[in-house]
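Raw contents of data-v4.txt, compact mmCIF, C-alpha atoms:
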```txt
# COMPACT_ATOMS: atom_id res chain seq x y z
CA MET L 262 -112.36 -114.36 -83.23
CA TYR L 263 -109.94 -115.56 -85.91
CA PRO L 264 -110.47 -114.51 -89.51
CA SER L 265 -111.66 -117.22 -91.87
CA VAL L 266 -109.18 -118.08 -94.65
CA THR L 267 -110.24 -120.25 -97.55
CA PRO L 268 -107.28 -121.93 -99.34
CA PRO L 269 -107.43 -121.79 -103.14
CA ARG L 270 -108.06 -124.97 -105.10
CA GLU L 271 -105.22 -124.13 -107.46
CA VAL L 272 -102.47 -121.52 -107.65
CA LYS L 273 -100.44 -119.89 -110.40
CA ILE L 274 -96.80 -120.81 -111.02
CA GLY L 275 -95.45 -117.77 -109.16
CA ASP L 276 -97.39 -118.66 -106.01
CA ALA L 277 -96.40 -122.32 -106.32
CA ALA L 278 -92.74 -121.36 -106.62
CA ALA L 279 -92.92 -118.97 -103.67
CA PHE L 280 -94.52 -121.58 -101.40
CA ALA L 281 -92.12 -124.36 -102.41
CA GLY L 282 -89.09 -122.08 -102.04
CA THR L 283 -88.01 -122.32 -105.66
CA THR L 284 -88.45 -120.29 -108.85
CA PRO L 285 -90.85 -120.40 -111.79
CA ARG L 286 -87.86 -121.08 -114.01
CA ALA L 287 -86.95 -124.15 -111.97
CA ILE L 288 -90.53 -125.42 -112.13
CA ARG L 289 -90.55 -125.05 -115.91
CA HIS L 290 -87.30 -127.03 -116.00
CA TYR L 291 -88.92 -129.78 -113.95
CA HIS L 292 -91.66 -129.92 -116.57
CA GLN L 293 -89.13 -130.16 -119.39
CA ILE L 294 -87.24 -133.09 -117.86
CA GLY L 295 -90.37 -134.95 -116.85
CA LEU L 296 -89.85 -134.53 -113.13
CA LEU L 297 -93.11 -132.68 -112.55
CA PRO L 298 -96.21 -133.35 -114.68
CA GLU L 299 -97.22 -130.22 -116.54
CA PRO L 300 -100.75 -129.18 -115.56
CA GLU L 301 -103.21 -128.05 -118.14
CA ARG L 302 -103.60 -124.36 -118.72
CA GLY L 303 -106.69 -122.54 -117.54
CA GLY L 304 -108.97 -120.30 -119.52
CA ASP L 305 -106.49 -117.44 -119.20
CA GLY L 306 -103.71 -119.57 -120.72
CA ARG L 307 -101.83 -119.94 -117.43
CA ARG L 308 -100.96 -123.16 -115.64
CA ARG L 309 -102.63 -123.90 -112.35
CA TYR L 310 -101.07 -126.10 -109.64
CA GLY L 311 -103.07 -128.18 -107.21
CA TYR L 312 -102.35 -129.93 -103.93
CA ASP L 313 -100.61 -132.98 -105.45
CA ASP L 314 -98.38 -130.74 -107.55
CA MET L 315 -97.34 -128.79 -104.46
CA ILE L 316 -96.56 -131.96 -102.51
CA ARG L 317 -94.33 -133.15 -105.33
CA LEU L 318 -92.61 -129.77 -105.52
CA LEU L 319 -91.91 -129.84 -101.79
CA TRP L 320 -90.37 -133.33 -102.01
CA ILE L 321 -88.25 -132.25 -104.97
CA ARG L 322 -86.99 -129.31 -102.93
CA LYS L 323 -86.17 -131.50 -99.92
CA MET L 324 -84.32 -134.12 -101.98
CA SER L 325 -82.41 -131.44 -103.90
CA GLU L 326 -81.32 -129.85 -100.63
CA ALA L 327 -79.99 -133.26 -99.57
CA GLY L 328 -77.82 -133.27 -102.69
CA ILE L 329 -79.77 -135.87 -104.63
CA SER L 330 -79.51 -135.26 -108.37
CA LEU L 331 -82.64 -134.51 -110.37
CA ASP L 332 -82.18 -137.74 -112.32
CA ASP L 333 -82.20 -139.69 -109.05
CA VAL L 334 -85.17 -137.68 -107.80
CA ARG L 335 -87.10 -138.68 -110.90
CA ALA L 336 -86.03 -142.30 -110.52
CA ALA L 337 -87.15 -142.25 -106.89
CA PHE L 338 -90.59 -140.96 -107.88
CA ASP L 339 -90.85 -143.58 -110.62
CA GLU L 340 -89.62 -146.28 -108.19
CA VAL L 341 -87.17 -147.58 -110.79
CA ARG L 342 -84.17 -147.33 -108.48
CA ASP L 343 -83.80 -148.53 -104.92
CA ILE L 344 -83.34 -145.75 -102.37
CA GLU L 345 -80.17 -147.42 -101.09
CA ASP L 346 -78.72 -147.22 -104.58
CA VAL L 347 -79.59 -143.53 -104.71
CA LEU L 348 -78.03 -142.88 -101.31
CA GLY L 349 -74.91 -144.83 -102.24
CA ARG L 350 -74.46 -142.69 -105.35
CA LEU L 351 -75.06 -139.58 -103.25
CA GLU L 352 -72.38 -140.58 -100.74
CA GLU L 353 -69.90 -141.08 -103.57
CA THR L 354 -70.75 -137.64 -104.97
CA LEU L 355 -70.37 -135.99 -101.57
CA ALA L 356 -67.04 -137.72 -100.99
CA ALA L 357 -65.80 -136.41 -104.34
CA GLN L 358 -67.04 -132.91 -103.47
CA GLU L 359 -65.27 -133.06 -100.10
CA ALA L 360 -62.04 -134.08 -101.84
CA ASP L 361 -62.44 -131.17 -104.27
CA ILE L 362 -63.01 -128.74 -101.40
CA LYS L 363 -59.93 -130.08 -99.63
CA ARG L 364 -57.82 -129.55 -102.75
CA GLN L 365 -59.27 -126.06 -103.22
CA ARG L 366 -58.51 -125.11 -99.61
CA ALA L 367 -54.97 -126.38 -100.00
CA ALA L 368 -54.55 -124.34 -103.20
CA VAL L 369 -55.88 -121.20 -101.50
CA GLN L 370 -53.56 -121.68 -98.54
CA ARG L 371 -50.59 -122.29 -100.84
CA LEU L 372 -51.48 -119.15 -102.80
CA ARG L 373 -51.69 -117.21 -99.54
CA ASP L 374 -48.33 -118.58 -98.32
CA VAL L 375 -46.50 -117.91 -101.58
CA GLY L 376 -48.18 -114.56 -102.17
CA SER L 377 -48.12 -114.77 -105.97
CA PRO L 378 -49.76 -116.72 -108.81
CA LEU L 379 -46.90 -119.22 -108.40
CA GLY L 380 -49.01 -120.71 -105.60
CA LEU L 381 -51.60 -121.83 -108.15
CA LEU L 382 -49.15 -124.22 -109.76
CA SER L 383 -48.62 -127.71 -108.37
CA PRO L 384 -46.78 -128.04 -105.04
CA LEU L 385 -43.93 -129.81 -106.84
CA VAL L 386 -43.31 -126.64 -108.85
CA THR L 387 -44.10 -124.18 -106.07
CA ASP L 388 -41.72 -125.85 -103.61
CA ARG L 389 -38.82 -125.61 -106.05
CA LEU L 390 -39.26 -121.87 -106.56
CA SER L 391 -40.61 -120.64 -103.24
CA HIS L 392 -37.10 -119.79 -101.95
CA LEU L 393 -36.54 -117.18 -104.65
CA PRO L 394 -36.87 -113.55 -103.57
CA SER L 395 -39.96 -111.56 -104.50
CA GLY L 396 -39.80 -110.34 -108.07
CA ALA L 397 -37.17 -112.87 -109.14
CA LEU L 398 -39.72 -114.61 -111.33
CA ARG L 399 -41.23 -112.67 -114.18
CA PRO L 400 -44.84 -113.02 -115.36
CA SER L 401 -43.54 -114.61 -118.57
CA ASP L 402 -41.70 -117.21 -116.47
CA LEU L 403 -44.91 -118.15 -114.69
CA ASP L 404 -46.74 -118.26 -118.03
CA ALA L 405 -44.17 -120.69 -119.38
CA LEU L 406 -44.43 -122.90 -116.29
CA LEU L 407 -48.22 -122.85 -116.54
CA VAL L 408 -48.11 -124.08 -120.15
CA THR L 409 -45.45 -126.69 -119.40
CA GLU L 410 -47.45 -128.03 -116.47
CA ARG L 411 -50.50 -128.37 -118.70
CA ILE L 412 -48.58 -130.24 -121.40
CA PHE L 413 -46.04 -132.27 -119.44
CA GLY L 414 -47.58 -132.31 -115.99
CA PRO L 415 -46.17 -131.15 -112.64
CA LEU L 416 -42.93 -133.10 -113.05
CA GLY L 417 -42.15 -131.48 -116.39
CA ALA L 418 -42.78 -128.00 -114.99
CA ALA L 419 -40.74 -128.72 -111.87
CA ILE L 420 -37.79 -129.72 -114.04
CA GLN L 421 -38.21 -126.61 -116.19
CA ALA L 422 -38.07 -124.58 -112.98
CA SER L 423 -34.29 -125.17 -112.93
CA VAL L 424 -34.01 -122.76 -115.86
CA PHE L 425 -35.82 -119.98 -114.02
CA ILE L 426 -33.87 -120.60 -110.82
CA THR L 427 -30.67 -120.19 -112.81
CA LEU L 428 -31.88 -117.06 -114.60
CA ALA L 429 -32.98 -115.55 -111.28
CA THR L 430 -29.55 -116.12 -109.75
CA HIS L 431 -27.35 -115.27 -112.76
CA PRO L 432 -27.94 -111.69 -113.97
CA ASP L 433 -25.66 -112.18 -116.98
CA LEU L 434 -27.65 -115.19 -118.19
CA ARG L 435 -30.91 -113.33 -117.57
CA ALA L 436 -29.67 -110.35 -119.60
CA GLU L 437 -28.69 -112.65 -122.46
CA ALA L 438 -32.09 -114.38 -122.29
CA ASP L 439 -33.79 -110.98 -122.52
CA ARG L 440 -31.67 -110.05 -125.53
CA LEU L 441 -32.52 -113.34 -127.26
CA ASP L 442 -36.22 -112.87 -126.52
CA ALA L 443 -36.13 -109.45 -128.13
CA ALA L 444 -34.31 -110.87 -131.14
CA ASP L 445 -36.92 -113.63 -131.41
CA ALA L 446 -39.71 -111.06 -131.35
CA ALA L 447 -38.02 -109.21 -134.21
CA LEU L 448 -38.36 -112.31 -136.40
CA ASP L 449 -41.78 -111.28 -137.64
CA ASP L 450 -43.53 -112.11 -140.89
CA THR L 451 -41.41 -109.59 -142.79
CA VAL L 452 -38.23 -111.62 -142.18
CA ASP L 453 -37.29 -114.28 -144.72
CA PRO L 454 -36.91 -117.69 -143.03
CA HIS L 455 -33.51 -118.08 -144.75
CA ASP L 456 -32.20 -114.70 -143.67
CA PRO L 457 -28.66 -115.17 -142.25
CA ARG L 458 -29.85 -113.60 -138.98
CA VAL L 459 -32.01 -116.66 -138.38
CA ASP L 460 -28.99 -118.99 -138.45
CA GLU L 461 -26.96 -116.62 -136.27
CA LEU L 462 -29.74 -116.37 -133.70
CA ALA L 463 -30.13 -120.15 -133.59
CA ALA L 464 -26.42 -120.50 -132.85
CA GLN L 465 -26.71 -117.90 -130.08
CA HIS L 466 -29.70 -119.77 -128.58
CA CYS L 467 -27.65 -122.96 -128.59
CA ALA L 468 -24.73 -121.26 -126.86
CA HIS L 469 -27.01 -119.73 -124.26
CA HIS L 470 -28.65 -123.08 -123.58
CA ASN L 471 -25.27 -124.70 -123.04
CA ALA L 472 -24.29 -121.90 -120.65
CA LEU L 473 -27.53 -122.44 -118.74
CA VAL L 474 -26.85 -126.17 -118.47
CA GLN L 475 -23.34 -125.54 -117.15
CA ALA L 476 -24.67 -123.11 -114.55
CA MET L 477 -27.38 -125.56 -113.48
CA GLU L 478 -24.86 -128.37 -113.08
CA ALA L 479 -22.52 -126.12 -111.11
CA ALA L 480 -25.37 -125.28 -108.75
CA GLY L 481 -26.33 -128.94 -108.33
CA LEU L 482 -29.73 -128.43 -109.89
CA ASP L 483 -29.31 -131.52 -112.06
CA ALA L 484 -29.04 -133.64 -108.92
CA ALA L 485 -32.12 -131.92 -107.51
CA GLU L 486 -34.00 -132.86 -110.67
CA GLU L 487 -33.18 -136.53 -110.14
CA LYS L 488 -34.74 -136.36 -106.68
CA LEU L 489 -37.87 -134.89 -108.22
CA PHE L 490 -38.61 -138.20 -109.91
CA GLU L 491 -38.49 -139.97 -106.53
CA ILE L 492 -40.71 -137.35 -104.90
CA TYR L 493 -43.20 -137.41 -107.75
CA ASP L 494 -43.43 -141.21 -107.82
CA ALA L 495 -44.04 -141.23 -104.06
CA GLU L 496 -46.81 -138.64 -104.27
CA VAL L 497 -48.65 -140.08 -107.27
CA SER L 498 -51.90 -141.60 -106.02
CA GLY L 499 -53.31 -142.87 -109.29
CA GLU L 500 -56.13 -140.32 -109.19
CA GLU L 501 -54.44 -137.48 -111.02
CA GLU L 502 -56.20 -135.53 -113.72
CA VAL L 503 -56.09 -137.35 -117.02
CA GLN L 504 -53.65 -135.51 -119.25
CA MET L 505 -53.81 -135.33 -123.03
CA SER L 506 -50.70 -136.54 -124.79
CA ALA L 507 -47.87 -134.04 -125.17
CA CYS L 508 -48.07 -134.25 -128.97
CA GLU L 509 -51.80 -133.53 -128.87
CA ALA L 510 -51.40 -130.68 -126.40
CA VAL L 511 -48.66 -128.97 -128.42
CA THR L 512 -50.92 -128.84 -131.48
CA LYS L 513 -53.66 -127.11 -129.46
CA MET L 514 -51.57 -124.30 -127.94
CA PRO L 515 -51.48 -121.31 -130.33
CA TYR L 516 -48.36 -119.15 -130.53
CA GLY L 517 -48.56 -117.59 -134.00
CA PHE L 518 -44.81 -117.76 -134.65
CA SER L 519 -43.62 -116.43 -137.98
CA ALA L 520 -41.95 -118.73 -140.50
CA ALA L 521 -38.57 -117.21 -139.61
CA ARG L 522 -39.03 -117.76 -135.91
CA THR L 523 -40.24 -121.30 -136.45
CA ARG L 524 -37.15 -122.06 -138.53
CA CYS L 525 -34.95 -120.52 -135.85
CA MET L 526 -36.47 -122.87 -133.29
CA GLU L 527 -35.95 -125.85 -135.59
CA LEU L 528 -32.33 -124.91 -136.23
CA THR L 529 -31.73 -124.47 -132.50
CA ALA L 530 -33.14 -127.93 -131.83
CA GLN L 531 -30.91 -129.40 -134.54
CA LEU L 532 -27.83 -127.72 -133.10
CA LEU L 533 -28.63 -128.90 -129.61
CA GLY L 534 -29.28 -132.39 -130.92
CA GLY L 535 -25.90 -132.34 -132.61
CA ASP L 536 -24.22 -131.28 -129.36
CA LEU L 537 -25.90 -134.15 -127.52
CA SER L 538 -24.81 -136.64 -130.18
CA ALA L 539 -21.23 -135.37 -130.07
CA GLY L 540 -21.16 -135.60 -126.29
CA SER L 541 -22.50 -139.14 -126.07
```

Hey, can you dump this file as structure tokens for me?
Amino acid sequence: MYPSVTPPREVKIGDAAAFAGTTPRAIRHYHQIGLLPEPERGGDGRRRYGYDDMIRLLWIRKMSEAGISLDDVRAAFDEVRDIEDVLGRLEETLAAQEADIKRQRAAVQRLRDVGSPLGLLSPLVTDRLSHLPSGALRPSDLDALLVTERIFGPLGAAIQASVFITLATHPDLRAEADRLDAADAALDDTVDPHDPRVDELAAQHCAHHNALVQAMEAAGLDAAEEKLFEIYDAEVSGEEEVQMSACEAVTKMPYGFSAARTRCMELTAQLLGGDLSAGS
């Protein structure tokens, strides 16, 4: 003989959540957004859920599992949107999610193949640098490429990669770059912006830049950069992430340079601009 079980007329929120396969917190959220009518509280101050509430909770769970947004679930209950419209929106969302997963898988595979954070940058950048031996790129090089890619996009970072290829293959230029970096770091807030060392360092930066350019041209990297434009134009699909303007991006990236270091950078740019004008 089977035991007799009498179902309750109403249940507390914890029991309702357990039966529907959700959580009390989720049910409270449904109340807040108007997806599930909030039942009146009993004499003990607790909400009680009846049969109709449970049916609605079960349908919410089923539609959520199918990927239908809560806004569309509510619209479906209110019959203000056709189910075909809801399903069409759902298919678009799923297609976008599939594309995101595909991009994520490609990024993971690229990271695995490269074996360093370089693999997280765009393929245009990664492909240019993947031939370098392990350890040829420094963390600061990758940091610089990361920032450049954010501001100027993959093409800008891929072009900047020529500098790091050259530094990785010319120990003398790398040593000079290290010396200049150390000199830049010494231009702290205690240094007067018009200290003669600032002008001297700017001239040294200009000379080093010109030496880098000569080495890049000798290695044919300038020709490789021209091909990058063709590759990038061919790969652009029109669905790339919307980038902020370079001017806007530069104003949002903090560096905390001292007044002396800022002036050194400005002087270097002026010297380089003068070289370009003289050469044209």

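We find CA of Arg302 (chain L) and CA of Leu331 (chain L) to be spaced 24.7 Å apart.
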
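In this model, the gap between CA of Ile274 (chain L) and CA of Arg309 (chain L) comes to 6.7 Å.
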
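Take CA of Glu410 (chain L) and CA of Gln531 (chain L): the distance between them is 24.5 Å.
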
Neighbours of region 364-366 of chain L within 12 Å (all atoms listed in the file; same-chain residues fewer than 5 positions away dropped), as JSON, numbers by chain? {"L": [357, 358, 359, 371, 372, 373, 380, 381, 383, 384, 501]}

Between L:Ala429, L:Leu416, L:Ala510, L:Met526, which one has atoms that come closest to Gln465 (chain L), using only C-alpha atoms? L:Met526

Looking at all atoms listed in the file, which of L:Gly517, L:Gly282, L:Pro378, L:Gly534 is the one that sits closest to Ser325 (chain L)? L:Gly282

Can you pull out every residue within 12 Å of Glu437 (chain L), counting only C-alpha atoms, but drop anything in the same chain fewer than 6 positions away, and send it as a ChimeraX atom specification? /L:428,431,443-444,462,465-466,468-470,472-473

Residue with smallest distance to Arg317 (chain L) - pool L:Ile426, L:Cys467, L:Leu390, L:Leu296, counting all atoms listed in the file: L:Leu296

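Proximity ranking of L:Leu407, L:Ile321, L:Asp449, L:Asp361 relative to Met514 (chain L) places L:Leu407 first, based on only C-alpha atoms.
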
Env of Met315 (chain L): 10 Å cut, atoms = only C-alpha atoms, seq-sep filter 3 positions within chain, self excluded. Answer as a list in words. Glu271, Val272, Ala277, Ala278, Phe280, Ala281, Leu297, Tyr310, Gly311, Tyr312, Leu318, Leu319, Trp320 and Ile321 of chain L

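Among the candidates L:Pro432, L:Val474, L:Met324, L:Asp339, the residue lying nearest to Gly295 (chain L) is L:Asp339 (atoms considered: all atoms listed in the file).
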
Best match for closeness to Glu326 (chain L) among L:Val369, L:Leu351, L:Cys508, L:Leu379, counting all atoms listed in the file: L:Leu351

Since the input has fewer atoms than a full residue there, write region 276-311 of chain L out with N, CA and C atoms, as a PDB file, in the coordinates of the input.
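New file out34.pdb:
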```
ATOM      1  N   ASP L 276     -97.023-118.323-107.379  1.00  0.00           N
ATOM      2  CA  ASP L 276     -97.390-118.660-106.010  1.00  0.00           C
ATOM      3  C   ASP L 276     -96.861-120.035-105.634  1.00  0.00           C
ATOM      4  N   ALA L 277     -96.914-120.980-106.586  1.00  0.00           N
ATOM      5  CA  ALA L 277     -96.400-122.320-106.320  1.00  0.00           C
ATOM      6  C   ALA L 277     -94.901-122.270-106.025  1.00  0.00           C
ATOM      7  N   ALA L 278     -94.188-121.481-106.818  1.00  0.00           N
ATOM      8  CA  ALA L 278     -92.740-121.360-106.620  1.00  0.00           C
ATOM      9  C   ALA L 278     -92.428-120.707-105.272  1.00  0.00           C
ATOM     10  N   ALA L 279     -93.169-119.672-104.930  1.00  0.00           N
ATOM     11  CA  ALA L 279     -92.920-118.970-103.670  1.00  0.00           C
ATOM     12  C   ALA L 279     -93.151-119.901-102.481  1.00  0.00           C
ATOM     13  N   PHE L 280     -94.228-120.693-102.525  1.00  0.00           N
ATOM     14  CA  PHE L 280     -94.520-121.580-101.400  1.00  0.00           C
ATOM     15  C   PHE L 280     -93.480-122.691-101.292  1.00  0.00           C
ATOM     16  N   ALA L 281     -93.067-123.241-102.422  1.00  0.00           N
ATOM     17  CA  ALA L 281     -92.120-124.360-102.410  1.00  0.00           C
ATOM     18  C   ALA L 281     -90.680-123.888-102.174  1.00  0.00           C
ATOM     19  N   GLY L 282     -90.442-122.596-102.249  1.00  0.00           N
ATOM     20  CA  GLY L 282     -89.090-122.080-102.040  1.00  0.00           C
ATOM     21  C   GLY L 282     -88.191-122.260-103.246  1.00  0.00           C
ATOM     22  N   THR L 283     -88.787-122.186-104.427  1.00  0.00           N
ATOM     23  CA  THR L 283     -88.010-122.320-105.660  1.00  0.00           C
ATOM     24  C   THR L 283     -88.386-121.183-106.593  1.00  0.00           C
ATOM     25  N   THR L 284     -88.169-121.357-107.883  1.00  0.00           N
ATOM     26  CA  THR L 284     -88.450-120.290-108.850  1.00  0.00           C
ATOM     27  C   THR L 284     -89.331-120.828-109.975  1.00  0.00           C
ATOM     28  N   PRO L 285     -90.073-119.951-110.625  1.00  0.00           N
ATOM     29  CA  PRO L 285     -90.850-120.400-111.790  1.00  0.00           C
ATOM     30  C   PRO L 285     -89.969-121.043-112.859  1.00  0.00           C
ATOM     31  N   ARG L 286     -88.775-120.510-113.014  1.00  0.00           N
ATOM     32  CA  ARG L 286     -87.860-121.080-114.010  1.00  0.00           C
ATOM     33  C   ARG L 286     -87.513-122.518-113.670  1.00  0.00           C
ATOM     34  N   ALA L 287     -87.268-122.787-112.391  1.00  0.00           N
ATOM     35  CA  ALA L 287     -86.950-124.150-111.970  1.00  0.00           C
ATOM     36  C   ALA L 287     -88.135-125.083-112.215  1.00  0.00           C
ATOM     37  N   ILE L 288     -89.333-124.591-111.911  1.00  0.00           N
ATOM     38  CA  ILE L 288     -90.530-125.420-112.130  1.00  0.00           C
ATOM     39  C   ILE L 288     -90.688-125.736-113.605  1.00  0.00           C
ATOM     40  N   ARG L 289     -90.459-124.780-114.467  1.00  0.00           N
ATOM     41  CA  ARG L 289     -90.550-125.050-115.910  1.00  0.00           C
ATOM     42  C   ARG L 289     -89.510-126.088-116.330  1.00  0.00           C
ATOM     43  N   HIS L 290     -88.333-126.031-115.694  1.00  0.00           N
ATOM     44  CA  HIS L 290     -87.300-127.030-116.000  1.00  0.00           C
ATOM     45  C   HIS L 290     -87.757-128.417-115.555  1.00  0.00           C
ATOM     46  N   TYR L 291     -88.402-128.487-114.408  1.00  0.00           N
ATOM     47  CA  TYR L 291     -88.920-129.780-113.950  1.00  0.00           C
ATOM     48  C   TYR L 291     -89.923-130.340-114.955  1.00  0.00           C
ATOM     49  N   HIS L 292     -90.719-129.472-115.541  1.00  0.00           N
ATOM     50  CA  HIS L 292     -91.660-129.920-116.570  1.00  0.00           C
ATOM     51  C   HIS L 292     -90.905-130.479-117.778  1.00  0.00           C
ATOM     52  N   GLN L 293     -89.865-129.768-118.185  1.00  0.00           N
ATOM     53  CA  GLN L 293     -89.130-130.160-119.390  1.00  0.00           C
ATOM     54  C   GLN L 293     -88.449-131.506-119.246  1.00  0.00           C
ATOM     55  N   ILE L 294     -87.959-131.821-118.047  1.00  0.00           N
ATOM     56  CA  ILE L 294     -87.240-133.090-117.860  1.00  0.00           C
ATOM     57  C   ILE L 294     -88.156-134.195-117.349  1.00  0.00           C
ATOM     58  N   GLY L 295     -89.434-133.915-117.256  1.00  0.00           N
ATOM     59  CA  GLY L 295     -90.370-134.950-116.850  1.00  0.00           C
ATOM     60  C   GLY L 295     -90.398-135.240-115.369  1.00  0.00           C
ATOM     61  N   LEU L 296     -89.876-134.318-114.577  1.00  0.00           N
ATOM     62  CA  LEU L 296     -89.850-134.530-113.130  1.00  0.00           C
ATOM     63  C   LEU L 296     -91.174-134.137-112.486  1.00  0.00           C
ATOM     64  N   LEU L 297     -91.832-133.157-113.065  1.00  0.00           N
ATOM     65  CA  LEU L 297     -93.110-132.680-112.550  1.00  0.00           C
ATOM     66  C   LEU L 297     -94.113-132.640-113.701  1.00  0.00           C
ATOM     67  N   PRO L 298     -95.221-133.378-113.596  1.00  0.00           N
ATOM     68  CA  PRO L 298     -96.210-133.350-114.680  1.00  0.00           C
ATOM     69  C   PRO L 298     -96.680-131.910-114.934  1.00  0.00           C
ATOM     70  N   GLU L 299     -96.813-131.571-116.188  1.00  0.00           N
ATOM     71  CA  GLU L 299     -97.220-130.220-116.540  1.00  0.00           C
ATOM     72  C   GLU L 299     -98.741-130.124-116.521  1.00  0.00           C
ATOM     73  N   PRO L 300     -99.287-129.289-115.633  1.00  0.00           N
ATOM     74  CA  PRO L 300    -100.750-129.180-115.560  1.00  0.00           C
ATOM     75  C   PRO L 300    -101.322-128.466-116.776  1.00  0.00           C
ATOM     76  N   GLU L 301    -102.558-128.715-117.021  1.00  0.00           N
ATOM     77  CA  GLU L 301    -103.210-128.050-118.140  1.00  0.00           C
ATOM     78  C   GLU L 301    -103.390-126.568-117.835  1.00  0.00           C
ATOM     79  N   ARG L 302    -103.428-125.795-118.874  1.00  0.00           N
ATOM     80  CA  ARG L 302    -103.600-124.360-118.720  1.00  0.00           C
ATOM     81  C   ARG L 302    -105.074-124.017-118.533  1.00  0.00           C
ATOM     82  N   GLY L 303    -105.328-122.980-117.772  1.00  0.00           N
ATOM     83  CA  GLY L 303    -106.690-122.540-117.540  1.00  0.00           C
ATOM     84  C   GLY L 303    -107.212-121.693-118.684  1.00  0.00           C
ATOM     85  N   GLY L 304    -108.362-121.126-118.483  1.00  0.00           N
ATOM     86  CA  GLY L 304    -108.970-120.300-119.520  1.00  0.00           C
ATOM     87  C   GLY L 304    -108.151-119.088-119.865  1.00  0.00           C
ATOM     88  N   ASP L 305    -107.316-118.624-118.935  1.00  0.00           N
ATOM     89  CA  ASP L 305    -106.490-117.440-119.200  1.00  0.00           C
ATOM     90  C   ASP L 305    -105.133-117.821-119.802  1.00  0.00           C
ATOM     91  N   GLY L 306    -104.957-119.122-120.097  1.00  0.00           N
ATOM     92  CA  GLY L 306    -103.710-119.570-120.720  1.00  0.00           C
ATOM     93  C   GLY L 306    -102.594-119.848-119.735  1.00  0.00           C
ATOM     94  N   ARG L 307    -102.857-119.718-118.433  1.00  0.00           N
ATOM     95  CA  ARG L 307    -101.830-119.940-117.430  1.00  0.00           C
ATOM     96  C   ARG L 307    -102.008-121.306-116.756  1.00  0.00           C
ATOM     97  N   ARG L 308    -100.896-121.887-116.336  1.00  0.00           N
ATOM     98  CA  ARG L 308    -100.960-123.160-115.640  1.00  0.00           C
ATOM     99  C   ARG L 308    -101.471-122.938-114.217  1.00  0.00           C
ATOM    100  N   ARG L 309    -102.152-123.939-113.724  1.00  0.00           N
ATOM    101  CA  ARG L 309    -102.630-123.900-112.350  1.00  0.00           C
ATOM    102  C   ARG L 309    -102.152-125.168-111.632  1.00  0.00           C
ATOM    103  N   TYR L 310    -101.656-124.997-110.391  1.00  0.00           N
ATOM    104  CA  TYR L 310    -101.070-126.100-109.640  1.00  0.00           C
ATOM    105  C   TYR L 310    -101.944-126.429-108.445  1.00  0.00           C
ATOM    106  N   GLY L 311    -102.242-127.728-108.305  1.00  0.00           N
ATOM    107  CA  GLY L 311    -103.070-128.180-107.210  1.00  0.00           C
ATOM    108  C   GLY L 311    -102.270-128.770-106.075  1.00  0.00           C
TER     109      GLY L 311
END
```
